[in-house]
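Novice: Sharing a structure below in structure tokens format, with a few things to ask.
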2 protein chains.
Amino acid sequence: MAHILQVDFTMEGPFGEEMAAAFHDLAVSIREEDGFQWKIWTENPDTKEAGGIYVFDTKDAAEKYLDMHTKRLAQFGITDVRSKVFAINETLTKVTDGPVE
Amino acid sequence: MAHILQVDFTMEGPFGEEMAAAFHDLAVSIREEDGFQWKIWTENPDTKEAGGIYVFDTKDAAEKYLDMHTKRLAQFGITDVRSKVFAINETLTKVTDGPVE
């Protein structure tokens with residue numbers, strides 16, 4: 001069953017198009033992760049926060065990615081990571097047009 | 001520009017199909033909120049948490065909904081609400097198939 005992974009953290013930047021250029025290759029690589037469906041990249045230059053909303057095929061795939069991603073963020077000096085993995089209530093999500101298969 | 005609202009909170013339940021039945025009318029009403037695009041309903045019976053990932057047309061629409069929704073949750077006795085509003089990095093989100101127009 002598809003699961004949501006939500007991640008956010010404090011970072012100094014870059015944001016916007018500069019962020020897009022810096023992380024393009026990373027974004028391409030994320031498409032190849034096991035069980036990956038999609039990611040929305042989130043950012044807030046005012047509060048110096050960024051993160052992502054992901055859908056994975058299973059809870060296990062979401063948790064494995066989170067473990068790897070947390071270590072990768074630490075390599076970038078980002079250690080203030082907030083994350084949660086959730087099941088999706090499919091019945092309610094259909095009512096509100098949520099883009100989940 | 002489309003914005004993400006992520007919300008989660010502690011609650012005793014119900015979860016799953018019982019939650020879907022309890023909140024069906026609320027879900028239908030959310031479709032009519034100003035600037036609303038979609039919501040994915042999230043839940044974790046193990047940690048007794050639930051919430052949602054929303055997309056709104058604008059930051060303003062997301063913040064107005066959050067203000068109203070926080071008051072509504074308080075009426076349900078839910079006061080432990082964690083929420084963030086984020087801009088979407090559209091360039092990176094396209095690379096990772098994020099379902100945002």
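By order in the structure tokens, chains are A, B, ...; within a chain, residues start at 1; ligands start at 1, following the order shown.
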Within 9 Å of chain A, which residues of chain B show up when using only C-alpha atoms, listed as a ChimeraX atom specification?
Specialist: /B:3-4,6,15-17,19-21,23-24,27-28,30-31,37-45,49-51,53-54,85-100
Novice: After a least-squares superposition on chain A using every in-order C-alpha pair, I'd like chain B written out as an mmCIF file with N, CA, C and O atoms, in the first residue's frame.
Specialist:
data_model
loop_
_atom_site.group_PDB
_atom_site.id
_atom_site.type_symbol
_atom_site.label_atom_id
_atom_site.label_comp_id
_atom_site.auth_asym_id
_atom_site.auth_seq_id
_atom_site.Cartn_x
_atom_site.Cartn_y
_atom_site.Cartn_z
ATOM 1 N N MET B 1 0.864 -1.197 -0.020
ATOM 2 C CA MET B 1 0.015 -0.003 0.003
ATOM 3 C C MET B 1 0.891 1.256 0.010
ATOM 4 O O MET B 1 1.893 1.313 0.708
ATOM 5 N N ALA B 2 0.502 2.218 -0.815
ATOM 6 C CA ALA B 2 1.309 3.432 -0.952
ATOM 7 C C ALA B 2 1.392 4.179 0.382
ATOM 8 O O ALA B 2 0.425 4.231 1.143
ATOM 9 N N HIS B 3 2.568 4.721 0.648
ATOM 10 C CA HIS B 3 2.813 5.488 1.875
ATOM 11 C C HIS B 3 3.412 6.846 1.538
ATOM 12 O O HIS B 3 4.138 6.990 0.554
ATOM 13 N N ILE B 4 3.090 7.809 2.395
ATOM 14 C CA ILE B 4 3.652 9.151 2.295
ATOM 15 C C ILE B 4 4.901 9.244 3.183
ATOM 16 O O ILE B 4 4.907 8.756 4.320
ATOM 17 N N LEU B 5 5.936 9.868 2.662
ATOM 18 C CA LEU B 5 7.077 10.293 3.490
ATOM 19 C C LEU B 5 7.132 11.811 3.423
ATOM 20 O O LEU B 5 7.180 12.383 2.328
ATOM 21 N N GLN B 6 7.067 12.457 4.578
ATOM 22 C CA GLN B 6 7.233 13.918 4.606
ATOM 23 C C GLN B 6 8.513 14.241 5.360
ATOM 24 O O GLN B 6 8.780 13.685 6.426
ATOM 25 N N VAL B 7 9.326 15.084 4.756
ATOM 26 C CA VAL B 7 10.638 15.438 5.304
ATOM 27 C C VAL B 7 10.806 16.949 5.205
ATOM 28 O O VAL B 7 10.472 17.543 4.183
ATOM 29 N N ASP B 8 11.283 17.577 6.274
ATOM 30 C CA ASP B 8 11.713 18.974 6.158
ATOM 31 C C ASP B 8 12.865 19.233 7.109
ATOM 32 O O ASP B 8 13.059 18.493 8.080
ATOM 33 N N PHE B 9 13.633 20.269 6.791
ATOM 34 C CA PHE B 9 14.856 20.551 7.548
ATOM 35 C C PHE B 9 15.255 21.999 7.339
ATOM 36 O O PHE B 9 14.802 22.659 6.394
ATOM 37 N N THR B 10 16.092 22.473 8.228
ATOM 38 C CA THR B 10 16.649 23.815 8.118
ATOM 39 C C THR B 10 17.849 23.771 7.174
ATOM 40 O O THR B 10 18.671 22.864 7.261
ATOM 41 N N MET B 11 17.917 24.712 6.258
ATOM 42 C CA MET B 11 19.124 24.830 5.423
ATOM 43 C C MET B 11 19.299 26.276 4.973
ATOM 44 O O MET B 11 18.348 27.041 4.888
ATOM 45 N N GLU B 12 20.529 26.615 4.693
ATOM 46 C CA GLU B 12 20.866 28.012 4.349
ATOM 47 C C GLU B 12 20.515 28.355 2.907
ATOM 48 O O GLU B 12 20.479 29.499 2.524
ATOM 49 N N GLY B 13 20.235 27.381 2.092
ATOM 50 C CA GLY B 13 19.968 27.568 0.673
ATOM 51 C C GLY B 13 20.934 26.716 -0.125
ATOM 52 O O GLY B 13 21.640 25.895 0.476
ATOM 53 N N PRO B 14 20.944 26.820 -1.431
ATOM 54 C CA PRO B 14 20.177 27.764 -2.249
ATOM 55 C C PRO B 14 18.703 27.356 -2.382
ATOM 56 O O PRO B 14 18.352 26.213 -2.114
ATOM 57 N N PHE B 15 17.885 28.326 -2.808
ATOM 58 C CA PHE B 15 16.466 28.082 -3.063
ATOM 59 C C PHE B 15 16.139 28.458 -4.509
ATOM 60 O O PHE B 15 16.960 29.030 -5.219
ATOM 61 N N GLY B 16 14.910 28.136 -4.915
ATOM 62 C CA GLY B 16 14.449 28.539 -6.242
ATOM 63 C C GLY B 16 15.238 27.901 -7.364
ATOM 64 O O GLY B 16 15.613 26.727 -7.294
ATOM 65 N N GLU B 17 15.510 28.683 -8.405
ATOM 66 C CA GLU B 17 16.180 28.126 -9.586
ATOM 67 C C GLU B 17 17.617 27.703 -9.287
ATOM 68 O O GLU B 17 18.134 26.758 -9.886
ATOM 69 N N GLU B 18 18.241 28.401 -8.331
ATOM 70 C CA GLU B 18 19.614 28.009 -7.949
ATOM 71 C C GLU B 18 19.603 26.624 -7.280
ATOM 72 O O GLU B 18 20.470 25.785 -7.527
ATOM 73 N N MET B 19 18.586 26.385 -6.442
ATOM 74 C CA MET B 19 18.400 25.063 -5.821
ATOM 75 C C MET B 19 18.129 24.019 -6.902
ATOM 76 O O MET B 19 18.662 22.906 -6.852
ATOM 77 N N ALA B 20 17.302 24.381 -7.874
ATOM 78 C CA ALA B 20 16.954 23.430 -8.938
ATOM 79 C C ALA B 20 18.199 23.007 -9.716
ATOM 80 O O ALA B 20 18.368 21.835 -10.060
ATOM 81 N N ALA B 21 19.083 23.967 -9.971
ATOM 82 C CA ALA B 21 20.317 23.643 -10.698
ATOM 83 C C ALA B 21 21.234 22.767 -9.837
ATOM 84 O O ALA B 21 21.810 21.786 -10.306
ATOM 85 N N ALA B 22 21.322 23.114 -8.547
ATOM 86 C CA ALA B 22 22.233 22.387 -7.653
ATOM 87 C C ALA B 22 21.801 20.934 -7.449
ATOM 88 O O ALA B 22 22.647 20.044 -7.279
ATOM 89 N N PHE B 23 20.480 20.690 -7.458
ATOM 90 C CA PHE B 23 19.993 19.349 -7.104
ATOM 91 C C PHE B 23 19.396 18.584 -8.291
ATOM 92 O O PHE B 23 18.753 17.554 -8.096
ATOM 93 N N HIS B 24 19.624 19.079 -9.514
ATOM 94 C CA HIS B 24 19.041 18.398 -10.671
ATOM 95 C C HIS B 24 19.480 16.937 -10.764
ATOM 96 O O HIS B 24 18.651 16.030 -10.943
ATOM 97 N N ASP B 25 20.774 16.676 -10.617
ATOM 98 C CA ASP B 25 21.267 15.306 -10.765
ATOM 99 C C ASP B 25 20.735 14.421 -9.632
ATOM 100 O O ASP B 25 20.422 13.244 -9.849
ATOM 101 N N LEU B 26 20.647 14.978 -8.432
ATOM 102 C CA LEU B 26 20.067 14.238 -7.308
ATOM 103 C C LEU B 26 18.614 13.877 -7.619
ATOM 104 O O LEU B 26 18.173 12.741 -7.383
ATOM 105 N N ALA B 27 17.871 14.839 -8.187
ATOM 106 C CA ALA B 27 16.461 14.585 -8.516
ATOM 107 C C ALA B 27 16.328 13.441 -9.522
ATOM 108 O O ALA B 27 15.477 12.560 -9.365
ATOM 109 N N VAL B 28 17.193 13.451 -10.527
ATOM 110 C CA VAL B 28 17.151 12.372 -11.529
ATOM 111 C C VAL B 28 17.416 11.030 -10.856
ATOM 112 O O VAL B 28 16.736 10.025 -11.128
ATOM 113 N N SER B 29 18.370 11.003 -9.913
ATOM 114 C CA SER B 29 18.721 9.739 -9.247
ATOM 115 C C SER B 29 17.586 9.237 -8.350
ATOM 116 O O SER B 29 17.392 8.033 -8.194
ATOM 117 N N ILE B 30 16.829 10.159 -7.769
ATOM 118 C CA ILE B 30 15.743 9.757 -6.861
ATOM 119 C C ILE B 30 14.669 8.967 -7.617
ATOM 120 O O ILE B 30 14.033 8.074 -7.054
ATOM 121 N N ARG B 31 14.505 9.277 -8.894
ATOM 122 C CA ARG B 31 13.523 8.536 -9.700
ATOM 123 C C ARG B 31 13.806 7.038 -9.748
ATOM 124 O O ARG B 31 12.916 6.240 -10.032
ATOM 125 N N GLU B 32 15.075 6.678 -9.515
ATOM 126 C CA GLU B 32 15.469 5.265 -9.609
ATOM 127 C C GLU B 32 15.385 4.523 -8.276
ATOM 128 O O GLU B 32 15.688 3.329 -8.209
ATOM 129 N N GLU B 33 14.996 5.203 -7.204
ATOM 130 C CA GLU B 33 14.964 4.546 -5.891
ATOM 131 C C GLU B 33 13.863 3.478 -5.847
ATOM 132 O O GLU B 33 12.795 3.653 -6.447
ATOM 133 N N ASP B 34 14.114 2.408 -5.114
ATOM 134 C CA ASP B 34 13.143 1.316 -4.999
ATOM 135 C C ASP B 34 11.802 1.809 -4.480
ATOM 136 O O ASP B 34 11.743 2.446 -3.416
ATOM 137 N N GLY B 35 10.758 1.495 -5.200
ATOM 138 C CA GLY B 35 9.412 1.782 -4.734
ATOM 139 C C GLY B 35 8.995 3.231 -4.861
ATOM 140 O O GLY B 35 7.901 3.599 -4.422
ATOM 141 N N PHE B 36 9.845 4.058 -5.468
ATOM 142 C CA PHE B 36 9.558 5.490 -5.588
ATOM 143 C C PHE B 36 8.433 5.754 -6.585
ATOM 144 O O PHE B 36 8.438 5.197 -7.681
ATOM 145 N N GLN B 37 7.480 6.607 -6.215
ATOM 146 C CA GLN B 37 6.438 7.020 -7.160
ATOM 147 C C GLN B 37 6.635 8.484 -7.574
ATOM 148 O O GLN B 37 6.743 8.783 -8.747
ATOM 149 N N TRP B 38 6.655 9.405 -6.611
ATOM 150 C CA TRP B 38 6.877 10.815 -6.944
ATOM 151 C C TRP B 38 7.349 11.597 -5.719
ATOM 152 O O TRP B 38 7.208 11.142 -4.590
ATOM 153 N N LYS B 39 7.905 12.774 -6.002
ATOM 154 C CA LYS B 39 8.326 13.702 -4.943
ATOM 155 C C LYS B 39 7.945 15.123 -5.345
ATOM 156 O O LYS B 39 8.193 15.535 -6.483
ATOM 157 N N ILE B 40 7.357 15.850 -4.402
ATOM 158 C CA ILE B 40 7.182 17.297 -4.536
ATOM 159 C C ILE B 40 8.260 17.951 -3.676
ATOM 160 O O ILE B 40 8.384 17.632 -2.484
ATOM 161 N N TRP B 41 9.058 18.832 -4.281
ATOM 162 C CA TRP B 41 10.153 19.513 -3.573
ATOM 163 C C TRP B 41 9.611 20.781 -2.922
ATOM 164 O O TRP B 41 9.024 21.623 -3.615
ATOM 165 N N THR B 42 9.830 20.923 -1.621
ATOM 166 C CA THR B 42 9.279 22.053 -0.872
ATOM 167 C C THR B 42 10.403 22.976 -0.401
ATOM 168 O O THR B 42 11.526 22.535 -0.135
ATOM 169 N N GLU B 43 10.064 24.288 -0.276
ATOM 170 C CA GLU B 43 11.082 25.252 0.141
ATOM 171 C C GLU B 43 10.426 26.489 0.736
ATOM 172 O O GLU B 43 9.318 26.864 0.350
ATOM 173 N N ASN B 44 11.141 27.083 1.681
ATOM 174 C CA ASN B 44 10.708 28.338 2.290
ATOM 175 C C ASN B 44 11.946 29.183 2.597
ATOM 176 O O ASN B 44 12.574 29.017 3.643
ATOM 177 N N PRO B 45 12.304 30.070 1.648
ATOM 178 C CA PRO B 45 13.513 30.890 1.848
ATOM 179 C C PRO B 45 13.419 31.783 3.090
ATOM 180 O O PRO B 45 14.446 32.083 3.697
ATOM 181 N N ASP B 46 12.189 32.192 3.461
ATOM 182 C CA ASP B 46 12.027 33.091 4.609
ATOM 183 C C ASP B 46 12.440 32.423 5.919
ATOM 184 O O ASP B 46 13.071 33.037 6.774
ATOM 185 N N THR B 47 12.028 31.167 6.086
ATOM 186 C CA THR B 47 12.364 30.447 7.322
ATOM 187 C C THR B 47 13.616 29.588 7.152
ATOM 188 O O THR B 47 14.029 28.915 8.091
ATOM 189 N N LYS B 48 14.192 29.629 5.949
ATOM 190 C CA LYS B 48 15.357 28.795 5.618
ATOM 191 C C LYS B 48 15.080 27.319 5.896
ATOM 192 O O LYS B 48 15.817 26.639 6.615
ATOM 193 N N GLU B 49 13.979 26.857 5.300
ATOM 194 C CA GLU B 49 13.615 25.445 5.402
ATOM 195 C C GLU B 49 13.365 24.885 4.012
ATOM 196 O O GLU B 49 12.962 25.608 3.096
ATOM 197 N N ALA B 50 13.567 23.593 3.884
ATOM 198 C CA ALA B 50 13.239 22.900 2.637
ATOM 199 C C ALA B 50 12.918 21.454 2.986
ATOM 200 O O ALA B 50 13.053 21.025 4.135
ATOM 201 N N GLY B 51 12.469 20.708 1.972
ATOM 202 C CA GLY B 51 12.133 19.307 2.223
ATOM 203 C C GLY B 51 11.432 18.691 1.045
ATOM 204 O O GLY B 51 11.613 19.130 -0.100
ATOM 205 N N GLY B 52 10.625 17.670 1.345
ATOM 206 C CA GLY B 52 9.914 17.007 0.263
ATOM 207 C C GLY B 52 8.746 16.194 0.775
ATOM 208 O O GLY B 52 8.717 15.771 1.931
ATOM 209 N N ILE B 53 7.781 16.031 -0.113
ATOM 210 C CA ILE B 53 6.661 15.116 0.097
ATOM 211 C C ILE B 53 6.820 14.014 -0.949
ATOM 212 O O ILE B 53 6.857 14.307 -2.151
ATOM 213 N N TYR B 54 6.942 12.768 -0.474
ATOM 214 C CA TYR B 54 7.167 11.638 -1.368
ATOM 215 C C TYR B 54 6.014 10.637 -1.257
ATOM 216 O O TYR B 54 5.436 10.480 -0.179
ATOM 217 N N VAL B 55 5.761 9.921 -2.346
ATOM 218 C CA VAL B 55 4.944 8.706 -2.258
ATOM 219 C C VAL B 55 5.807 7.516 -2.686
ATOM 220 O O VAL B 55 6.476 7.564 -3.732
ATOM 221 N N PHE B 56 5.805 6.479 -1.830
ATOM 222 C CA PHE B 56 6.466 5.205 -2.129
ATOM 223 C C PHE B 56 5.421 4.092 -2.170
ATOM 224 O O PHE B 56 4.348 4.209 -1.568
ATOM 225 N N ASP B 57 5.753 3.015 -2.855
ATOM 226 C CA ASP B 57 4.818 1.891 -3.000
ATOM 227 C C ASP B 57 4.464 1.248 -1.665
ATOM 228 O O ASP B 57 3.354 0.739 -1.502
ATOM 229 N N THR B 58 5.440 1.229 -0.734
ATOM 230 C CA THR B 58 5.245 0.520 0.539
ATOM 231 C C THR B 58 5.875 1.317 1.686
ATOM 232 O O THR B 58 6.736 2.183 1.472
ATOM 233 N N LYS B 59 5.460 0.984 2.898
ATOM 234 C CA LYS B 59 6.051 1.576 4.099
ATOM 235 C C LYS B 59 7.545 1.250 4.169
ATOM 236 O O LYS B 59 8.368 2.102 4.508
ATOM 237 N N ASP B 60 7.874 0.008 3.841
ATOM 238 C CA ASP B 60 9.269 -0.435 3.898
ATOM 239 C C ASP B 60 10.147 0.400 2.962
ATOM 240 O O ASP B 60 11.240 0.837 3.349
ATOM 241 N N ALA B 61 9.671 0.629 1.737
ATOM 242 C CA ALA B 61 10.446 1.428 0.777
ATOM 243 C C ALA B 61 10.624 2.857 1.286
ATOM 244 O O ALA B 61 11.705 3.443 1.168
ATOM 245 N N ALA B 62 9.570 3.418 1.883
ATOM 246 C CA ALA B 62 9.657 4.788 2.414
ATOM 247 C C ALA B 62 10.690 4.860 3.545
ATOM 248 O O ALA B 62 11.498 5.798 3.608
ATOM 249 N N GLU B 63 10.675 3.868 4.429
ATOM 250 C CA GLU B 63 11.590 3.884 5.581
ATOM 251 C C GLU B 63 13.043 3.662 5.145
ATOM 252 O O GLU B 63 13.957 4.273 5.703
ATOM 253 N N LYS B 64 13.244 2.796 4.156
ATOM 254 C CA LYS B 64 14.615 2.556 3.667
ATOM 255 C C LYS B 64 15.162 3.822 3.002
ATOM 256 O O LYS B 64 16.321 4.190 3.194
ATOM 257 N N TYR B 65 14.329 4.485 2.205
ATOM 258 C CA TYR B 65 14.771 5.730 1.573
ATOM 259 C C TYR B 65 15.093 6.786 2.626
ATOM 260 O O TYR B 65 16.123 7.469 2.544
ATOM 261 N N LEU B 66 14.225 6.907 3.625
ATOM 262 C CA LEU B 66 14.432 7.911 4.680
ATOM 263 C C LEU B 66 15.761 7.676 5.401
ATOM 264 O O LEU B 66 16.498 8.633 5.676
ATOM 265 N N ASP B 67 16.064 6.433 5.678
ATOM 266 C CA ASP B 67 17.322 6.109 6.363
ATOM 267 C C ASP B 67 18.515 6.558 5.509
ATOM 268 O O ASP B 67 19.439 7.228 6.007
ATOM 269 N N MET B 68 18.483 6.222 4.228
ATOM 270 C CA MET B 68 19.570 6.604 3.321
ATOM 271 C C MET B 68 19.637 8.130 3.177
ATOM 272 O O MET B 68 20.709 8.735 3.227
ATOM 273 N N HIS B 69 18.469 8.747 3.007
ATOM 274 C CA HIS B 69 18.408 10.191 2.740
ATOM 275 C C HIS B 69 18.888 10.994 3.956
ATOM 276 O O HIS B 69 19.566 12.021 3.803
ATOM 277 N N THR B 70 18.558 10.515 5.151
ATOM 278 C CA THR B 70 18.995 11.198 6.372
ATOM 279 C C THR B 70 20.526 11.207 6.451
ATOM 280 O O THR B 70 21.137 12.227 6.806
ATOM 281 N N LYS B 71 21.141 10.081 6.082
ATOM 282 C CA LYS B 71 22.620 10.016 6.082
ATOM 283 C C LYS B 71 23.197 10.949 5.006
ATOM 284 O O LYS B 71 24.216 11.609 5.224
ATOM 285 N N ARG B 72 22.536 10.997 3.854
ATOM 286 C CA ARG B 72 23.006 11.871 2.772
ATOM 287 C C ARG B 72 22.897 13.344 3.175
ATOM 288 O O ARG B 72 23.816 14.134 2.918
ATOM 289 N N LEU B 73 21.777 13.704 3.814
ATOM 290 C CA LEU B 73 21.623 15.091 4.280
ATOM 291 C C LEU B 73 22.718 15.448 5.288
ATOM 292 O O LEU B 73 23.227 16.568 5.289
ATOM 293 N N ALA B 74 23.068 14.499 6.150
ATOM 294 C CA ALA B 74 24.126 14.747 7.137
ATOM 295 C C ALA B 74 25.455 15.056 6.447
ATOM 296 O O ALA B 74 26.237 15.887 6.924
ATOM 297 N N GLN B 75 25.678 14.416 5.290
ATOM 298 C CA GLN B 75 26.910 14.688 4.530
ATOM 299 C C GLN B 75 26.907 16.121 3.985
ATOM 300 O O GLN B 75 27.960 16.713 3.776
ATOM 301 N N PHE B 76 25.705 16.656 3.747
ATOM 302 C CA PHE B 76 25.568 18.060 3.329
ATOM 303 C C PHE B 76 25.590 19.002 4.544
ATOM 304 O O PHE B 76 25.365 20.209 4.381
ATOM 305 N N GLY B 77 25.766 18.459 5.743
ATOM 306 C CA GLY B 77 25.774 19.283 6.949
ATOM 307 C C GLY B 77 24.383 19.544 7.508
ATOM 308 O O GLY B 77 24.213 20.375 8.400
ATOM 309 N N ILE B 78 23.377 18.830 6.995
ATOM 310 C CA ILE B 78 21.991 19.027 7.441
ATOM 311 C C ILE B 78 21.637 17.914 8.422
ATOM 312 O O ILE B 78 21.534 16.740 8.035
ATOM 313 N N THR B 79 21.477 18.282 9.692
ATOM 314 C CA THR B 79 21.218 17.261 10.712
ATOM 315 C C THR B 79 19.891 17.504 11.433
ATOM 316 O O THR B 79 19.448 16.671 12.210
ATOM 317 N N ASP B 80 19.278 18.645 11.173
ATOM 318 C CA ASP B 80 18.021 19.043 11.819
ATOM 319 C C ASP B 80 16.851 18.567 10.943
ATOM 320 O O ASP B 80 16.135 19.363 10.353
ATOM 321 N N VAL B 81 16.688 17.238 10.846
ATOM 322 C CA VAL B 81 15.729 16.650 9.902
ATOM 323 C C VAL B 81 14.480 16.178 10.648
ATOM 324 O O VAL B 81 14.574 15.404 11.598
ATOM 325 N N ARG B 82 13.323 16.689 10.220
ATOM 326 C CA ARG B 82 12.035 16.231 10.755
ATOM 327 C C ARG B 82 11.374 15.363 9.685
ATOM 328 O O ARG B 82 11.291 15.765 8.518
ATOM 329 N N SER B 83 10.927 14.166 10.075
ATOM 330 C CA SER B 83 10.365 13.247 9.084
ATOM 331 C C SER B 83 9.255 12.407 9.689
ATOM 332 O O SER B 83 9.285 12.105 10.885
ATOM 333 N N LYS B 84 8.283 12.050 8.856
ATOM 334 C CA LYS B 84 7.222 11.131 9.258
ATOM 335 C C LYS B 84 6.823 10.283 8.065
ATOM 336 O O LYS B 84 6.784 10.776 6.933
ATOM 337 N N VAL B 85 6.533 9.019 8.342
ATOM 338 C CA VAL B 85 5.981 8.115 7.335
ATOM 339 C C VAL B 85 4.535 7.822 7.733
ATOM 340 O O VAL B 85 4.266 7.513 8.898
ATOM 341 N N PHE B 86 3.637 7.964 6.777
ATOM 342 C CA PHE B 86 2.209 7.743 7.039
ATOM 343 C C PHE B 86 1.607 6.801 6.002
ATOM 344 O O PHE B 86 1.962 6.848 4.816
ATOM 345 N N ALA B 87 0.668 5.976 6.459
ATOM 346 C CA ALA B 87 -0.243 5.304 5.529
ATOM 347 C C ALA B 87 -1.173 6.351 4.927
ATOM 348 O O ALA B 87 -1.334 7.442 5.476
ATOM 349 N N ILE B 88 -1.766 5.998 3.799
ATOM 350 C CA ILE B 88 -2.715 6.892 3.115
ATOM 351 C C ILE B 88 -4.124 6.330 3.296
ATOM 352 O O ILE B 88 -4.354 5.148 3.048
ATOM 353 N N ASN B 89 -5.035 7.150 3.757
ATOM 354 C CA ASN B 89 -6.439 6.737 3.803
ATOM 355 C C ASN B 89 -7.006 6.927 2.394
ATOM 356 O O ASN B 89 -7.349 8.034 1.984
ATOM 357 N N GLU B 90 -7.066 5.813 1.670
ATOM 358 C CA GLU B 90 -7.379 5.905 0.238
ATOM 359 C C GLU B 90 -8.819 6.343 -0.013
ATOM 360 O O GLU B 90 -9.087 7.051 -0.990
ATOM 361 N N THR B 91 -9.723 5.932 0.846
ATOM 362 C CA THR B 91 -11.142 6.275 0.642
ATOM 363 C C THR B 91 -11.335 7.786 0.714
ATOM 364 O O THR B 91 -11.958 8.385 -0.173
ATOM 365 N N LEU B 92 -10.799 8.414 1.770
ATOM 366 C CA LEU B 92 -10.938 9.866 1.908
ATOM 367 C C LEU B 92 -10.118 10.606 0.855
ATOM 368 O O LEU B 92 -10.537 11.654 0.345
ATOM 369 N N THR B 93 -8.948 10.058 0.529
ATOM 370 C CA THR B 93 -8.067 10.710 -0.453
ATOM 371 C C THR B 93 -8.725 10.769 -1.828
ATOM 372 O O THR B 93 -8.571 11.754 -2.564
ATOM 373 N N LYS B 94 -9.491 9.728 -2.157
ATOM 374 C CA LYS B 94 -10.233 9.761 -3.442
ATOM 375 C C LYS B 94 -11.253 10.897 -3.450
ATOM 376 O O LYS B 94 -11.436 11.562 -4.474
ATOM 377 N N VAL B 95 -11.911 11.110 -2.323
ATOM 378 C CA VAL B 95 -12.941 12.165 -2.253
ATOM 379 C C VAL B 95 -12.319 13.539 -2.515
ATOM 380 O O VAL B 95 -12.930 14.407 -3.152
ATOM 381 N N THR B 96 -11.089 13.736 -2.043
ATOM 382 C CA THR B 96 -10.442 15.050 -2.161
ATOM 383 C C THR B 96 -9.393 15.080 -3.288
ATOM 384 O O THR B 96 -8.467 15.894 -3.250
ATOM 385 N N ASP B 97 -9.571 14.185 -4.278
ATOM 386 C CA ASP B 97 -8.762 14.224 -5.511
ATOM 387 C C ASP B 97 -7.259 14.049 -5.287
ATOM 388 O O ASP B 97 -6.446 14.522 -6.107
ATOM 389 N N GLY B 98 -6.867 13.397 -4.201
ATOM 390 C CA GLY B 98 -5.441 13.157 -3.947
ATOM 391 C C GLY B 98 -4.828 12.294 -5.039
ATOM 392 O O GLY B 98 -5.408 11.275 -5.424
ATOM 393 N N PRO B 99 -3.674 12.680 -5.564
ATOM 394 C CA PRO B 99 -3.078 12.004 -6.716
ATOM 395 C C PRO B 99 -2.297 10.754 -6.318
ATOM 396 O O PRO B 99 -1.079 10.702 -6.420
ATOM 397 N N VAL B 100 -3.041 9.745 -5.878
ATOM 398 C CA VAL B 100 -2.425 8.477 -5.452
ATOM 399 C C VAL B 100 -3.147 7.356 -6.177
ATOM 400 O O VAL B 100 -4.382 7.346 -6.240
ATOM 401 N N GLU B 101 -2.357 6.429 -6.737
ATOM 402 C CA GLU B 101 -2.968 5.316 -7.495
ATOM 403 C C GLU B 101 -3.626 4.299 -6.565
ATOM 404 O O GLU B 101 -3.098 3.998 -5.518
#
Novice: Run DSSP on the backbone and grab whatever in chain B lands in helix (DSSP H, G or I); send it over as JSON, numbers by chain.
Specialist: {"B": [16, 17, 18, 19, 20, 21, 22, 24, 25, 26, 27, 28, 29, 30, 59, 60, 61, 62, 63, 64, 65, 66, 67, 68, 69, 70, 71, 72, 73, 74, 75, 90, 91, 92, 93, 94, 95]}
Novice: Among stretch 48-88 of chain A, which ones does DSSP assign to strand (DSSP E) (computed from the backbone)? Answer as a list in words.
Specialist: Glu49, Ala50, Gly51, Gly52, Ile53, Tyr54, Val55, Phe56, Val81, Arg82, Ser83, Lys84, Val85, Phe86, Ala87 and Ile88 of chain A
